[in-house]
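**Student:** There's a structure below that I have some questions on.
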Amino acid sequence: MATETNETREKSLNFLEEIIEESIARGETRVQTRFPPEPNGYLHIGHAKSICINFGLAKKYGGKCNLRFDDTNPVKEDVEYVDSIKRDIHWLGFDWAVERYASDYFDQLYEWAIVLIKKGLAYVDDQTQEQIRETRGTVSEPGKESPWRNRSVEENLDLFERMRAGEFPDGSKVLRAKIDMAHPNMLFRDPIMYRIIHAEHHRTGNKWCIYPMYDYAHGQSDSIERITHSICTLEFDVHRPLYDWFIQALDIYPSHQYEFARLNLTYTMMSKRNLLKLVNEGVVMGWDDPRMPTICALRRKGYTPASVRAFAEMVGVAKRDNVIDLGKLEYCVREDLNRVAERRMAVLNPLKVVITNYPEDKVEMFRCVNNPEDEGAGTREVPFSRELYIERDDFMENPPKKYFRLQPGGEVRLRYSYLIKCEEVVKDAEGNIVELRCTYDPQSGEGSSSDGRRVKGVIHWVSARHAVEAEVRLFDTLFRTEDPNDTSEGQTSWEDNLNPNSMVKIRAWLEPSLREQPVGKTVQFERVGYFCPDTDSTPEHLVFNRTVTLKDSWAKINK
């Protein structure tokens, strides 16, 4: 049995794991992470990667991961999003050590702001947001100090207390850290710590009318929870020095921030603001529309938690941003569904077949394997009768060479049942094929034949008498271009790149067992793809979503 050497083990570690193992080697054995979403929208596949990293590292090293909601903007946040986030994390297979909110720490954050004022490190500014923006300077030019920057400690304490008491309107005053208006890092140019927002908070009600900014609240919240590894996406690397500055200025527990590359997928929009626009303008059916990149949309489409976790592991943890091919995500769901999804027969583009030598009133039940990859999945019975539906693509009147499906005078096997031979092609007045008349070999059931002959073509079918009608939604990418923001072909915005054929609805016929298929349980329509009952589905009107097609290859993924 091969053993893992230290060298191969080190090569298999990502940079976050290396950091943790180095700290463990120094005797720092405690690992405490957190996942800190803002409850102002639904989580997407990029958040799923972050969830897997934060919870996965804690699990691997015997630590804990907190769920902390960054609820510092009452105007945009809602309990609806809080509930959806918790549901998504549980669906992915994770649970948190404790549930916390930045609002839990509002009192402490306020007291620490007073500490910074008393140290001369914070002041109340009467400038508007626009004035502050105009005086911040540029990368090559220093900013201009506020005329209110040198207020006395006493005046700042008084004004800050009155801000909290609600004396001033929105936008009239802010609390800023007093650092350096000429600092090369623009975030150090007296960043805003608090702003006035007279709005009801989903947890604290109307207790507060001043709310901390992310850069002020985040590091201190980490410190309160004694987070050892505060893991963020790469765009926050420029925020890390400010994160450290607040902690050092307050002399509190030194949590430390680490950054990894965010997830970017081809044909996918990750901007929460733009996703909200798609929802509000009715371009999609909602946050859980299967064309959206949200976790709830993946769930509705039929993805499995295991496939999303496998994808997160496949793309890994990188230090530099890159774009991942959407095919990798689809590969992961195919791999998982191939193992766990039961098989069923369904015809999406039906062509009627009449078996002329089969008794009109006869019905047989054929036993079908539920999943050839899983012996424990068992079998089911599917009805067979004189009139069937097959896929229209499984017949060609003038086929090319090496065409092994049904053709005039040709013979194929119906999956799990008989050999049939096409004897006659029936057309309508316009010349369209409307029916095939075939004969069957009564001795050819269950893989045998009357004379031992074998055929290469095997096609699926459903009994016309017993088939269940359903609406099937075939999904494609929401955008026509790999980069939705690409306007090189004359488009004026990302909206011009929307795919008009991202959802096509068709009428299909399914084997009767699919009438009872529960929502959220994905199956393979044999030879067609993976499909899942939609939340719109009812016993009177079945609706199935295509999760992913069957055809793909690893070579295509790595093209």
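To be explicit about the labels: the chains of the structure tokens are called A, B, and onward in the order shown, and within each one the residues are counted from 1, while ligands get numbers from 1 in the order they are shown.
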When you look at Gly93 (chain A) with a cut-off of 12 Å (counting only C-alpha atoms), what residues show up, excluding the ones that are within fewer than 2 positions of it in the same chain? I need them as a PDB file with C-alpha atoms, in the first residue's frame.
**Tutor:**
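around24.pdb written:
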```
ATOM      1  CA  ALA A  48     -20.993  28.348  -2.048  1.00  0.00           C
ATOM      2  CA  ILE A  51     -18.962  28.360   2.509  1.00  0.00           C
ATOM      3  CA  CYS A  52     -17.094  25.195   1.563  1.00  0.00           C
ATOM      4  CA  PHE A  55     -16.670  25.322   7.009  1.00  0.00           C
ATOM      5  CA  GLY A  56     -14.332  22.825   5.352  1.00  0.00           C
ATOM      6  CA  LYS A  59     -13.886  20.688   9.998  1.00  0.00           C
ATOM      7  CA  LYS A  86     -29.405  29.550   6.590  1.00  0.00           C
ATOM      8  CA  ARG A  87     -31.393  27.203   4.366  1.00  0.00           C
ATOM      9  CA  ASP A  88     -28.667  27.248   1.689  1.00  0.00           C
ATOM     10  CA  ILE A  89     -25.877  26.479   4.169  1.00  0.00           C
ATOM     11  CA  HIS A  90     -27.791  23.542   5.610  1.00  0.00           C
ATOM     12  CA  TRP A  91     -28.595  22.280   2.105  1.00  0.00           C
ATOM     13  CA  ASP A  95     -23.842  23.661  10.245  1.00  0.00           C
ATOM     14  CA  TRP A  96     -22.415  26.543  12.214  1.00  0.00           C
ATOM     15  CA  THR A 304     -27.083  18.075  -5.571  1.00  0.00           C
ATOM     16  CA  PRO A 305     -25.173  19.406  -2.555  1.00  0.00           C
ATOM     17  CA  ALA A 306     -22.442  16.851  -3.222  1.00  0.00           C
ATOM     18  CA  SER A 307     -21.942  18.134  -6.769  1.00  0.00           C
ATOM     19  CA  VAL A 308     -21.546  21.738  -5.594  1.00  0.00           C
ATOM     20  CA  ARG A 309     -19.075  20.693  -2.896  1.00  0.00           C
TER      21      ARG A 309
END
```
**Student:** Within 10 Å of region 325-345 of chain A, which residues of region 416-479 of chain A come that close, and what is the closest atom pair and distance in Å for each? Count only C-alpha atoms and give it as a Markdown table.
**Tutor:**
```
| residue | atom | partner | partner_atom | distance |
| --- | --- | --- | --- | --- |
| A:His460 | CA | A:Met345 | CA | 6.4 |
| A:Trp461 | CA | A:Met345 | CA | 6.5 |
| A:Val462 | CA | A:Met345 | CA | 6.7 |
| A:Ala467 | CA | A:Met345 | CA | 9.9 |
| A:Thr477 | CA | A:Leu326 | CA | 9.4 |
```
**Student:** Go ahead and save the picked residues with N, CA and C atoms, as an mmCIF file, in the first residue's frame.
**Tutor:**
```cif
data_model
loop_
_atom_site.group_PDB
_atom_site.id
_atom_site.type_symbol
_atom_site.label_atom_id
_atom_site.label_comp_id
_atom_site.auth_asym_id
_atom_site.auth_seq_id
_atom_site.Cartn_x
_atom_site.Cartn_y
_atom_site.Cartn_z
ATOM 1 N N HIS A 460 -35.282 4.211 -26.363
ATOM 2 C CA HIS A 460 -36.260 4.226 -25.273
ATOM 3 C C HIS A 460 -37.641 4.553 -25.812
ATOM 4 N N TRP A 461 -38.640 4.428 -24.964
ATOM 5 C CA TRP A 461 -40.030 4.524 -25.394
ATOM 6 C C TRP A 461 -40.912 4.744 -24.177
ATOM 7 N N VAL A 462 -42.158 5.092 -24.427
ATOM 8 C CA VAL A 462 -43.198 5.068 -23.381
ATOM 9 C C VAL A 462 -44.481 4.565 -24.026
ATOM 10 N N ALA A 467 -48.717 6.855 -20.789
ATOM 11 C CA ALA A 467 -47.767 7.968 -20.610
ATOM 12 C C ALA A 467 -48.420 9.153 -19.926
ATOM 13 N N THR A 477 -27.701 28.699 -21.033
ATOM 14 C CA THR A 477 -27.099 29.783 -20.261
ATOM 15 C C THR A 477 -27.931 31.053 -20.402
#
```
**Student:** CA of Ile117 (chain A) and CA of Gly219 (chain A), how far apart in Å?
**Tutor:**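 Separating CA of Gly219 (chain A) from CA of Ile117 (chain A) is a distance of 18.0 Å.
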**Student:** Applying 10 Å and only C-alpha atoms, which residues near region 263-268 of chain A remain after dropping the ones on its own chain fewer than 5 positions away? List them as a PDB file with N, CA and C atoms, in the first residue's frame.
**Tutor:**
```
ATOM      1  N   ILE A  45     -23.307  30.827  -6.408  1.00  0.00           N
ATOM      2  CA  ILE A  45     -22.297  29.778  -6.458  1.00  0.00           C
ATOM      3  C   ILE A  45     -20.954  30.254  -5.919  1.00  0.00           C
ATOM      4  N   GLY A  46     -20.661  31.558  -6.056  1.00  0.00           N
ATOM      5  CA  GLY A  46     -19.432  32.094  -5.475  1.00  0.00           C
ATOM      6  C   GLY A  46     -19.449  32.003  -3.957  1.00  0.00           C
ATOM      7  N   HIS A  47     -20.604  32.288  -3.361  1.00  0.00           N
ATOM      8  CA  HIS A  47     -20.723  32.138  -1.910  1.00  0.00           C
ATOM      9  C   HIS A  47     -20.599  30.668  -1.505  1.00  0.00           C
ATOM     10  N   ALA A  48     -21.095  29.778  -2.360  1.00  0.00           N
ATOM     11  CA  ALA A  48     -20.993  28.348  -2.048  1.00  0.00           C
ATOM     12  C   ALA A  48     -19.533  27.940  -1.897  1.00  0.00           C
ATOM     13  N   LYS A  49     -18.679  28.478  -2.754  1.00  0.00           N
ATOM     14  CA  LYS A  49     -17.243  28.185  -2.637  1.00  0.00           C
ATOM     15  C   LYS A  49     -16.717  28.690  -1.300  1.00  0.00           C
ATOM     16  N   SER A  50     -17.088  29.902  -0.915  1.00  0.00           N
ATOM     17  CA  SER A  50     -16.635  30.465   0.357  1.00  0.00           C
ATOM     18  C   SER A  50     -17.149  29.651   1.539  1.00  0.00           C
ATOM     19  N   THR A 233     -12.576  37.218   0.051  1.00  0.00           N
ATOM     20  CA  THR A 233     -12.175  37.155  -1.351  1.00  0.00           C
ATOM     21  C   THR A 233     -11.148  38.245  -1.658  1.00  0.00           C
ATOM     22  N   ARG A 291     -32.069  29.465 -14.180  1.00  0.00           N
ATOM     23  CA  ARG A 291     -31.021  30.090 -14.997  1.00  0.00           C
ATOM     24  C   ARG A 291     -30.122  30.990 -14.163  1.00  0.00           C
ATOM     25  N   MET A 292     -30.509  31.264 -12.927  1.00  0.00           N
ATOM     26  CA  MET A 292     -29.722  32.127 -12.052  1.00  0.00           C
ATOM     27  C   MET A 292     -28.572  31.340 -11.419  1.00  0.00           C
ATOM     28  N   PRO A 293     -27.504  32.037 -10.956  1.00  0.00           N
ATOM     29  CA  PRO A 293     -26.376  31.340 -10.322  1.00  0.00           C
ATOM     30  C   PRO A 293     -26.554  31.154  -8.821  1.00  0.00           C
ATOM     31  N   ALA A 312     -16.485  22.979  -5.765  1.00  0.00           N
ATOM     32  CA  ALA A 312     -15.664  23.871  -4.949  1.00  0.00           C
ATOM     33  C   ALA A 312     -14.284  23.269  -4.713  1.00  0.00           C
ATOM     34  N   VAL A 315     -12.178  23.405  -8.195  1.00  0.00           N
ATOM     35  CA  VAL A 315     -11.597  24.691  -8.594  1.00  0.00           C
ATOM     36  C   VAL A 315     -10.530  25.146  -7.615  1.00  0.00           C
ATOM     37  N   GLY A 316     -10.589  24.636  -6.374  1.00  0.00           N
ATOM     38  CA  GLY A 316      -9.527  24.878  -5.411  1.00  0.00           C
ATOM     39  C   GLY A 316      -9.501  26.296  -4.865  1.00  0.00           C
ATOM     40  N   VAL A 317      -8.422  26.583  -4.148  1.00  0.00           N
ATOM     41  CA  VAL A 317      -8.224  27.880  -3.506  1.00  0.00           C
ATOM     42  C   VAL A 317      -6.994  28.521  -4.144  1.00  0.00           C
ATOM     43  N   ALA A 318      -7.231  29.608  -4.849  1.00  0.00           N
ATOM     44  CA  ALA A 318      -6.141  30.278  -5.562  1.00  0.00           C
ATOM     45  C   ALA A 318      -5.911  31.668  -4.993  1.00  0.00           C
ATOM     46  N   ASP A 321      -7.154  35.879  -9.342  1.00  0.00           N
ATOM     47  CA  ASP A 321      -8.451  35.726  -9.990  1.00  0.00           C
ATOM     48  C   ASP A 321      -8.304  35.031 -11.338  1.00  0.00           C
ATOM     49  N   ASN A 322      -9.247  34.177 -11.652  1.00  0.00           N
ATOM     50  CA  ASN A 322      -9.319  33.559 -12.973  1.00  0.00           C
ATOM     51  C   ASN A 322     -10.782  33.241 -13.264  1.00  0.00           C
ATOM     52  N   VAL A 323     -11.043  32.811 -14.479  1.00  0.00           N
ATOM     53  CA  VAL A 323     -12.410  32.498 -14.894  1.00  0.00           C
ATOM     54  C   VAL A 323     -12.515  30.991 -15.109  1.00  0.00           C
ATOM     55  N   ILE A 324     -13.476  30.372 -14.444  1.00  0.00           N
ATOM     56  CA  ILE A 324     -13.672  28.932 -14.522  1.00  0.00           C
ATOM     57  C   ILE A 324     -14.733  28.617 -15.568  1.00  0.00           C
ATOM     58  N   ASP A 325     -14.469  27.593 -16.369  1.00  0.00           N
ATOM     59  CA  ASP A 325     -15.428  27.169 -17.384  1.00  0.00           C
ATOM     60  C   ASP A 325     -16.660  26.578 -16.703  1.00  0.00           C
ATOM     61  N   LEU A 326     -17.836  27.044 -17.121  1.00  0.00           N
ATOM     62  CA  LEU A 326     -19.092  26.529 -16.587  1.00  0.00           C
ATOM     63  C   LEU A 326     -19.190  25.016 -16.756  1.00  0.00           C
ATOM     64  N   GLY A 327     -18.501  24.491 -17.775  1.00  0.00           N
ATOM     65  CA  GLY A 327     -18.510  23.049 -18.011  1.00  0.00           C
ATOM     66  C   GLY A 327     -18.010  22.238 -16.831  1.00  0.00           C
ATOM     67  N   LYS A 328     -17.131  22.826 -16.016  1.00  0.00           N
ATOM     68  CA  LYS A 328     -16.632  22.091 -14.847  1.00  0.00           C
ATOM     69  C   LYS A 328     -17.738  21.867 -13.819  1.00  0.00           C
ATOM     70  N   LEU A 329     -18.577  22.877 -13.633  1.00  0.00           N
ATOM     71  CA  LEU A 329     -19.702  22.716 -12.717  1.00  0.00           C
ATOM     72  C   LEU A 329     -20.663  21.656 -13.241  1.00  0.00           C
ATOM     73  N   ASP A 476     -30.819  26.850 -21.017  1.00  0.00           N
ATOM     74  CA  ASP A 476     -29.490  27.126 -21.558  1.00  0.00           C
ATOM     75  C   ASP A 476     -28.904  28.249 -20.697  1.00  0.00           C
ATOM     76  N   THR A 477     -27.701  28.699 -21.033  1.00  0.00           N
ATOM     77  CA  THR A 477     -27.099  29.783 -20.261  1.00  0.00           C
ATOM     78  C   THR A 477     -27.931  31.053 -20.402  1.00  0.00           C
ATOM     79  N   LEU A 478     -27.965  31.856 -19.349  1.00  0.00           N
ATOM     80  CA  LEU A 478     -28.739  33.092 -19.355  1.00  0.00           C
ATOM     81  C   LEU A 478     -28.132  34.130 -20.291  1.00  0.00           C
ATOM     82  N   PHE A 479     -26.826  33.994 -20.549  1.00  0.00           N
ATOM     83  CA  PHE A 479     -26.128  34.947 -21.425  1.00  0.00           C
ATOM     84  C   PHE A 479     -25.532  34.223 -22.634  1.00  0.00           C
ATOM     85  N   ARG A 480     -25.466  34.934 -23.751  1.00  0.00           N
ATOM     86  CA  ARG A 480     -24.958  34.357 -24.999  1.00  0.00           C
ATOM     87  C   ARG A 480     -23.442  34.353 -25.063  1.00  0.00           C
ATOM     88  N   THR A 481     -22.784  35.188 -24.257  1.00  0.00           N
ATOM     89  CA  THR A 481     -21.329  35.339 -24.315  1.00  0.00           C
ATOM     90  C   THR A 481     -20.689  34.819 -23.034  1.00  0.00           C
ATOM     91  N   GLU A 482     -19.457  34.322 -23.154  1.00  0.00           N
ATOM     92  CA  GLU A 482     -18.759  33.799 -21.976  1.00  0.00           C
ATOM     93  C   GLU A 482     -18.629  34.863 -20.898  1.00  0.00           C
ATOM     94  N   ASP A 483     -18.356  36.093 -21.317  1.00  0.00           N
ATOM     95  CA  ASP A 483     -18.291  37.218 -20.389  1.00  0.00           C
ATOM     96  C   ASP A 483     -19.545  38.071 -20.599  1.00  0.00           C
ATOM     97  N   PRO A 484     -20.509  38.016 -19.672  1.00  0.00           N
ATOM     98  CA  PRO A 484     -21.745  38.779 -19.858  1.00  0.00           C
ATOM     99  C   PRO A 484     -21.516  40.280 -20.030  1.00  0.00           C
ATOM    100  N   ASN A 485     -20.390  40.788 -19.534  1.00  0.00           N
ATOM    101  CA  ASN A 485     -20.094  42.223 -19.628  1.00  0.00           C
ATOM    102  C   ASN A 485     -19.360  42.600 -20.916  1.00  0.00           C
ATOM    103  N   ASN A 497     -26.534  41.107 -23.901  1.00  0.00           N
ATOM    104  CA  ASN A 497     -25.992  39.759 -24.054  1.00  0.00           C
ATOM    105  C   ASN A 497     -26.917  38.673 -23.513  1.00  0.00           C
ATOM    106  N   LEU A 498     -28.100  39.051 -23.058  1.00  0.00           N
ATOM    107  CA  LEU A 498     -29.045  38.051 -22.566  1.00  0.00           C
ATOM    108  C   LEU A 498     -29.435  37.090 -23.691  1.00  0.00           C
ATOM    109  N   ASN A 499     -29.538  35.825 -23.347  1.00  0.00           N
ATOM    110  CA  ASN A 499     -29.866  34.779 -24.310  1.00  0.00           C
ATOM    111  C   ASN A 499     -31.387  34.649 -24.423  1.00  0.00           C
TER     112      ASN A 499
END
```
**Student:** Using only C-alpha atoms, which residues of region 236-314 of chain A come within 9 Å of region 16-24 of chain A, and what is the closest atom pair for each, with the distance in Å to one decimal? Give it as a Markdown table, sorted by chain and residue number.
**Tutor:**
```
| residue | atom | partner | partner_atom | distance |
| --- | --- | --- | --- | --- |
| A:Tyr258 | CA | A:Leu16 | CA | 7.9 |
| A:Glu259 | CA | A:Leu16 | CA | 8.9 |
| A:Phe260 | CA | A:Leu16 | CA | 8.4 |
```
**Student:** Produce a file of the selected residues containing all heavy atoms, as a CSV table (one decimal), in the first residue's frame.
**Tutor:**
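Below is the file result_23.csv, written as the result:
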```csv
chain,number,residue,atom,x,y,z
A,258,TYR,N,-7.2,36.8,5.6
A,258,TYR,CA,-6.5,36.1,4.5
A,258,TYR,C,-7.5,36.2,3.3
A,258,TYR,O,-8.7,36.0,3.4
A,258,TYR,CB,-6.2,34.7,4.8
A,258,TYR,CG,-5.3,34.5,6.1
A,258,TYR,CD1,-6.0,34.4,7.3
A,258,TYR,CD2,-4.0,34.6,6.0
A,258,TYR,CE1,-5.2,34.2,8.5
A,258,TYR,CE2,-3.2,34.4,7.2
A,258,TYR,CZ,-3.8,34.3,8.4
A,258,TYR,OH,-3.1,34.1,9.5
A,259,GLU,N,-6.9,36.3,2.1
A,259,GLU,CA,-7.7,36.5,0.9
A,259,GLU,C,-7.5,35.4,-0.1
A,259,GLU,O,-6.3,35.0,-0.3
A,259,GLU,CB,-7.4,37.9,0.2
A,259,GLU,CG,-7.6,39.1,1.1
A,259,GLU,CD,-6.3,39.4,1.9
A,259,GLU,OE1,-5.2,39.0,1.5
A,259,GLU,OE2,-6.5,40.0,3.0
A,260,PHE,N,-8.5,34.9,-0.8
A,260,PHE,CA,-8.4,34.0,-1.8
A,260,PHE,C,-9.2,34.5,-3.1
A,260,PHE,O,-10.0,35.5,-2.9
A,260,PHE,CB,-9.0,32.6,-1.4
A,260,PHE,CG,-10.5,32.6,-1.2
A,260,PHE,CD1,-11.4,32.2,-2.2
A,260,PHE,CD2,-11.0,33.0,0.0
A,260,PHE,CE1,-12.7,32.2,-2.1
A,260,PHE,CE2,-12.4,33.0,0.2
A,260,PHE,CZ,-13.3,32.6,-0.8
```
**Student:** Step one, run DSSP on the backbone; step two, keep only residues of region 172-292 of chain A assigned to strand (DSSP E or B); then write them as a list in words.
**Tutor:**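 Everything in region 172-292 of chain A that counts as strand (DSSP E or B) is Val174, Leu175, Arg176, Ala177, Ile192, Met193, Tyr194, Arg195, Ile196, His201, Gly205, Ile210, Tyr211, Pro212, Ser230, Ile231, Cys232, Thr233, Gln257, Tyr258, Glu259, Phe260, Leu263, Asn264 and Leu265 of chain A.
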**Student:** Find the residues around region 386-398 of chain A up to 9 Å (only C-alpha atoms counted), leave out those fewer than 6 positions away in its own chain, and share them as an MDAnalysis selection string.
**Tutor:** chainID A and resid 346:363 405:408 425 459:465 467 509
**Student:** Name the residues in contact with region 241-247 of chain A at a cut-off of 12 Å, using only C-alpha atoms, excluding same-chain residues fewer than 2 positions from it; report them as JSON, numbers by chain.
**Tutor:** {"A": [109, 112, 113, 115, 116, 121, 122, 177, 178, 179, 180, 183, 184, 185, 186, 187, 188, 189, 190, 191, 192, 193, 213, 214, 215, 216, 217, 218, 219, 220, 221, 222, 223, 224, 226, 230, 232, 236, 237, 238, 239, 249, 250, 251, 252, 253, 254, 255, 256, 257, 258]}
**Student:** Which of these residues is nearest to Pro37 (chain A), using only C-alpha atoms: A:Ile53, A:Asn274, A:Glu435, A:Val82?
**Tutor:**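 For Pro37 (chain A), the nearest of the given residues is A:Val82.
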**Student:** Run DSSP on the backbone and tell me which residues of region 309-455 of chain A come out as helix (DSSP H, G or I); list them as a VMD selection string.
**Tutor:** chain A and resid 309 to 315 326 to 340 375 to 377 392 to 394 445 to 447
**Student:** Take the selection from the previous step and output its residues with N, CA and C atoms, as a PDB file, in the first residue's frame.
**Tutor:**
```
ATOM      1  N   ARG A 309     -20.281  20.830  -3.721  1.00  0.00           N
ATOM      2  CA  ARG A 309     -19.075  20.693  -2.896  1.00  0.00           C
ATOM      3  C   ARG A 309     -17.912  20.158  -3.727  1.00  0.00           C
ATOM      4  N   ALA A 310     -18.191  19.204  -4.603  1.00  0.00           N
ATOM      5  CA  ALA A 310     -17.134  18.647  -5.469  1.00  0.00           C
ATOM      6  C   ALA A 310     -16.577  19.715  -6.394  1.00  0.00           C
ATOM      7  N   PHE A 311     -17.450  20.583  -6.891  1.00  0.00           N
ATOM      8  CA  PHE A 311     -17.002  21.669  -7.756  1.00  0.00           C
ATOM      9  C   PHE A 311     -16.098  22.632  -6.996  1.00  0.00           C
ATOM     10  N   ALA A 312     -16.485  22.979  -5.765  1.00  0.00           N
ATOM     11  CA  ALA A 312     -15.664  23.871  -4.949  1.00  0.00           C
ATOM     12  C   ALA A 312     -14.284  23.269  -4.713  1.00  0.00           C
ATOM     13  N   GLU A 313     -14.245  21.976  -4.498  1.00  0.00           N
ATOM     14  CA  GLU A 313     -12.965  21.306  -4.287  1.00  0.00           C
ATOM     15  C   GLU A 313     -12.161  21.261  -5.586  1.00  0.00           C
ATOM     16  N   MET A 314     -12.833  21.055  -6.701  1.00  0.00           N
ATOM     17  CA  MET A 314     -12.144  20.971  -7.981  1.00  0.00           C
ATOM     18  C   MET A 314     -11.465  22.292  -8.352  1.00  0.00           C
ATOM     19  N   VAL A 315     -12.178  23.405  -8.195  1.00  0.00           N
ATOM     20  CA  VAL A 315     -11.597  24.691  -8.594  1.00  0.00           C
ATOM     21  C   VAL A 315     -10.530  25.146  -7.615  1.00  0.00           C
ATOM     22  N   LEU A 326     -17.836  27.044 -17.121  1.00  0.00           N
ATOM     23  CA  LEU A 326     -19.092  26.529 -16.587  1.00  0.00           C
ATOM     24  C   LEU A 326     -19.190  25.016 -16.756  1.00  0.00           C
ATOM     25  N   GLY A 327     -18.501  24.491 -17.775  1.00  0.00           N
ATOM     26  CA  GLY A 327     -18.510  23.049 -18.011  1.00  0.00           C
ATOM     27  C   GLY A 327     -18.010  22.238 -16.831  1.00  0.00           C
ATOM     28  N   LYS A 328     -17.131  22.826 -16.016  1.00  0.00           N
ATOM     29  CA  LYS A 328     -16.632  22.091 -14.847  1.00  0.00           C
ATOM     30  C   LYS A 328     -17.738  21.867 -13.819  1.00  0.00           C
ATOM     31  N   LEU A 329     -18.577  22.877 -13.633  1.00  0.00           N
ATOM     32  CA  LEU A 329     -19.702  22.716 -12.717  1.00  0.00           C
ATOM     33  C   LEU A 329     -20.663  21.656 -13.241  1.00  0.00           C
ATOM     34  N   GLU A 330     -20.940  21.700 -14.542  1.00  0.00           N
ATOM     35  CA  GLU A 330     -21.836  20.712 -15.133  1.00  0.00           C
ATOM     36  C   GLU A 330     -21.226  19.310 -15.081  1.00  0.00           C
ATOM     37  N   TYR A 331     -19.920  19.231 -15.239  1.00  0.00           N
ATOM     38  CA  TYR A 331     -19.238  17.935 -15.122  1.00  0.00           C
ATOM     39  C   TYR A 331     -19.455  17.346 -13.730  1.00  0.00           C
ATOM     40  N   CYS A 332     -19.325  18.174 -12.702  1.00  0.00           N
ATOM     41  CA  CYS A 332     -19.467  17.691 -11.330  1.00  0.00           C
ATOM     42  C   CYS A 332     -20.874  17.176 -11.051  1.00  0.00           C
ATOM     43  N   VAL A 333     -21.880  17.872 -11.583  1.00  0.00           N
ATOM     44  CA  VAL A 333     -23.249  17.410 -11.321  1.00  0.00           C
ATOM     45  C   VAL A 333     -23.538  16.141 -12.110  1.00  0.00           C
ATOM     46  N   ARG A 334     -22.992  16.019 -13.324  1.00  0.00           N
ATOM     47  CA  ARG A 334     -23.167  14.775 -14.074  1.00  0.00           C
ATOM     48  C   ARG A 334     -22.553  13.593 -13.333  1.00  0.00           C
ATOM     49  N   GLU A 335     -21.336  13.800 -12.836  1.00  0.00           N
ATOM     50  CA  GLU A 335     -20.641  12.717 -12.135  1.00  0.00           C
ATOM     51  C   GLU A 335     -21.430  12.242 -10.921  1.00  0.00           C
ATOM     52  N   ASP A 336     -21.977  13.188 -10.158  1.00  0.00           N
ATOM     53  CA  ASP A 336     -22.721  12.801  -8.964  1.00  0.00           C
ATOM     54  C   ASP A 336     -24.062  12.171  -9.327  1.00  0.00           C
ATOM     55  N   LEU A 337     -24.791  12.779 -10.255  1.00  0.00           N
ATOM     56  CA  LEU A 337     -26.100  12.251 -10.621  1.00  0.00           C
ATOM     57  C   LEU A 337     -25.989  10.885 -11.286  1.00  0.00           C
ATOM     58  N   ASN A 338     -24.914  10.642 -12.016  1.00  0.00           N
ATOM     59  CA  ASN A 338     -24.728   9.324 -12.611  1.00  0.00           C
ATOM     60  C   ASN A 338     -24.694   8.244 -11.546  1.00  0.00           C
ATOM     61  N   ARG A 339     -24.159   8.590 -10.380  1.00  0.00           N
ATOM     62  CA  ARG A 339     -24.076   7.621  -9.274  1.00  0.00           C
ATOM     63  C   ARG A 339     -25.395   7.484  -8.528  1.00  0.00           C
ATOM     64  N   VAL A 340     -26.108   8.588  -8.332  1.00  0.00           N
ATOM     65  CA  VAL A 340     -27.235   8.567  -7.392  1.00  0.00           C
ATOM     66  C   VAL A 340     -28.615   8.681  -8.029  1.00  0.00           C
ATOM     67  N   GLU A 375     -26.615  -1.090  -7.323  1.00  0.00           N
ATOM     68  CA  GLU A 375     -27.425  -2.306  -7.251  1.00  0.00           C
ATOM     69  C   GLU A 375     -28.541  -2.191  -6.223  1.00  0.00           C
ATOM     70  N   GLY A 376     -28.316  -1.390  -5.194  1.00  0.00           N
ATOM     71  CA  GLY A 376     -29.322  -1.238  -4.151  1.00  0.00           C
ATOM     72  C   GLY A 376     -30.518  -0.408  -4.557  1.00  0.00           C
ATOM     73  N   ALA A 377     -30.446   0.217  -5.738  1.00  0.00           N
ATOM     74  CA  ALA A 377     -31.561   1.066  -6.169  1.00  0.00           C
ATOM     75  C   ALA A 377     -32.761   0.252  -6.631  1.00  0.00           C
ATOM     76  N   ARG A 392     -38.478  11.346 -31.885  1.00  0.00           N
ATOM     77  CA  ARG A 392     -38.469  11.566 -33.325  1.00  0.00           C
ATOM     78  C   ARG A 392     -37.045  11.457 -33.889  1.00  0.00           C
ATOM     79  N   ASP A 393     -36.056  11.831 -33.087  1.00  0.00           N
ATOM     80  CA  ASP A 393     -34.659  11.754 -33.541  1.00  0.00           C
ATOM     81  C   ASP A 393     -34.163  10.316 -33.655  1.00  0.00           C
ATOM     82  N   ASP A 394     -34.938   9.356 -33.130  1.00  0.00           N
ATOM     83  CA  ASP A 394     -34.520   7.958 -33.194  1.00  0.00           C
ATOM     84  C   ASP A 394     -35.022   7.263 -34.460  1.00  0.00           C
ATOM     85  N   GLY A 445     -38.228 -10.663 -26.071  1.00  0.00           N
ATOM     86  CA  GLY A 445     -38.276  -9.917 -24.820  1.00  0.00           C
ATOM     87  C   GLY A 445     -37.075 -10.171 -23.931  1.00  0.00           C
ATOM     88  N   GLU A 446     -36.721  -9.157 -23.133  1.00  0.00           N
ATOM     89  CA  GLU A 446     -35.653  -9.249 -22.130  1.00  0.00           C
ATOM     90  C   GLU A 446     -34.320  -9.667 -22.742  1.00  0.00           C
ATOM     91  N   GLY A 447     -34.015  -9.145 -23.932  1.00  0.00           N
ATOM     92  CA  GLY A 447     -32.681  -9.330 -24.497  1.00  0.00           C
ATOM     93  C   GLY A 447     -32.508 -10.510 -25.404  1.00  0.00           C
TER      94      GLY A 447
END
```
**Student:** Find, counting only C-alpha atoms, the residue in A:Leu175, A:Met270, A:Leu43, A:Ile132 that gets nearest to Trp287 (chain A).
**Tutor:** A:Leu43
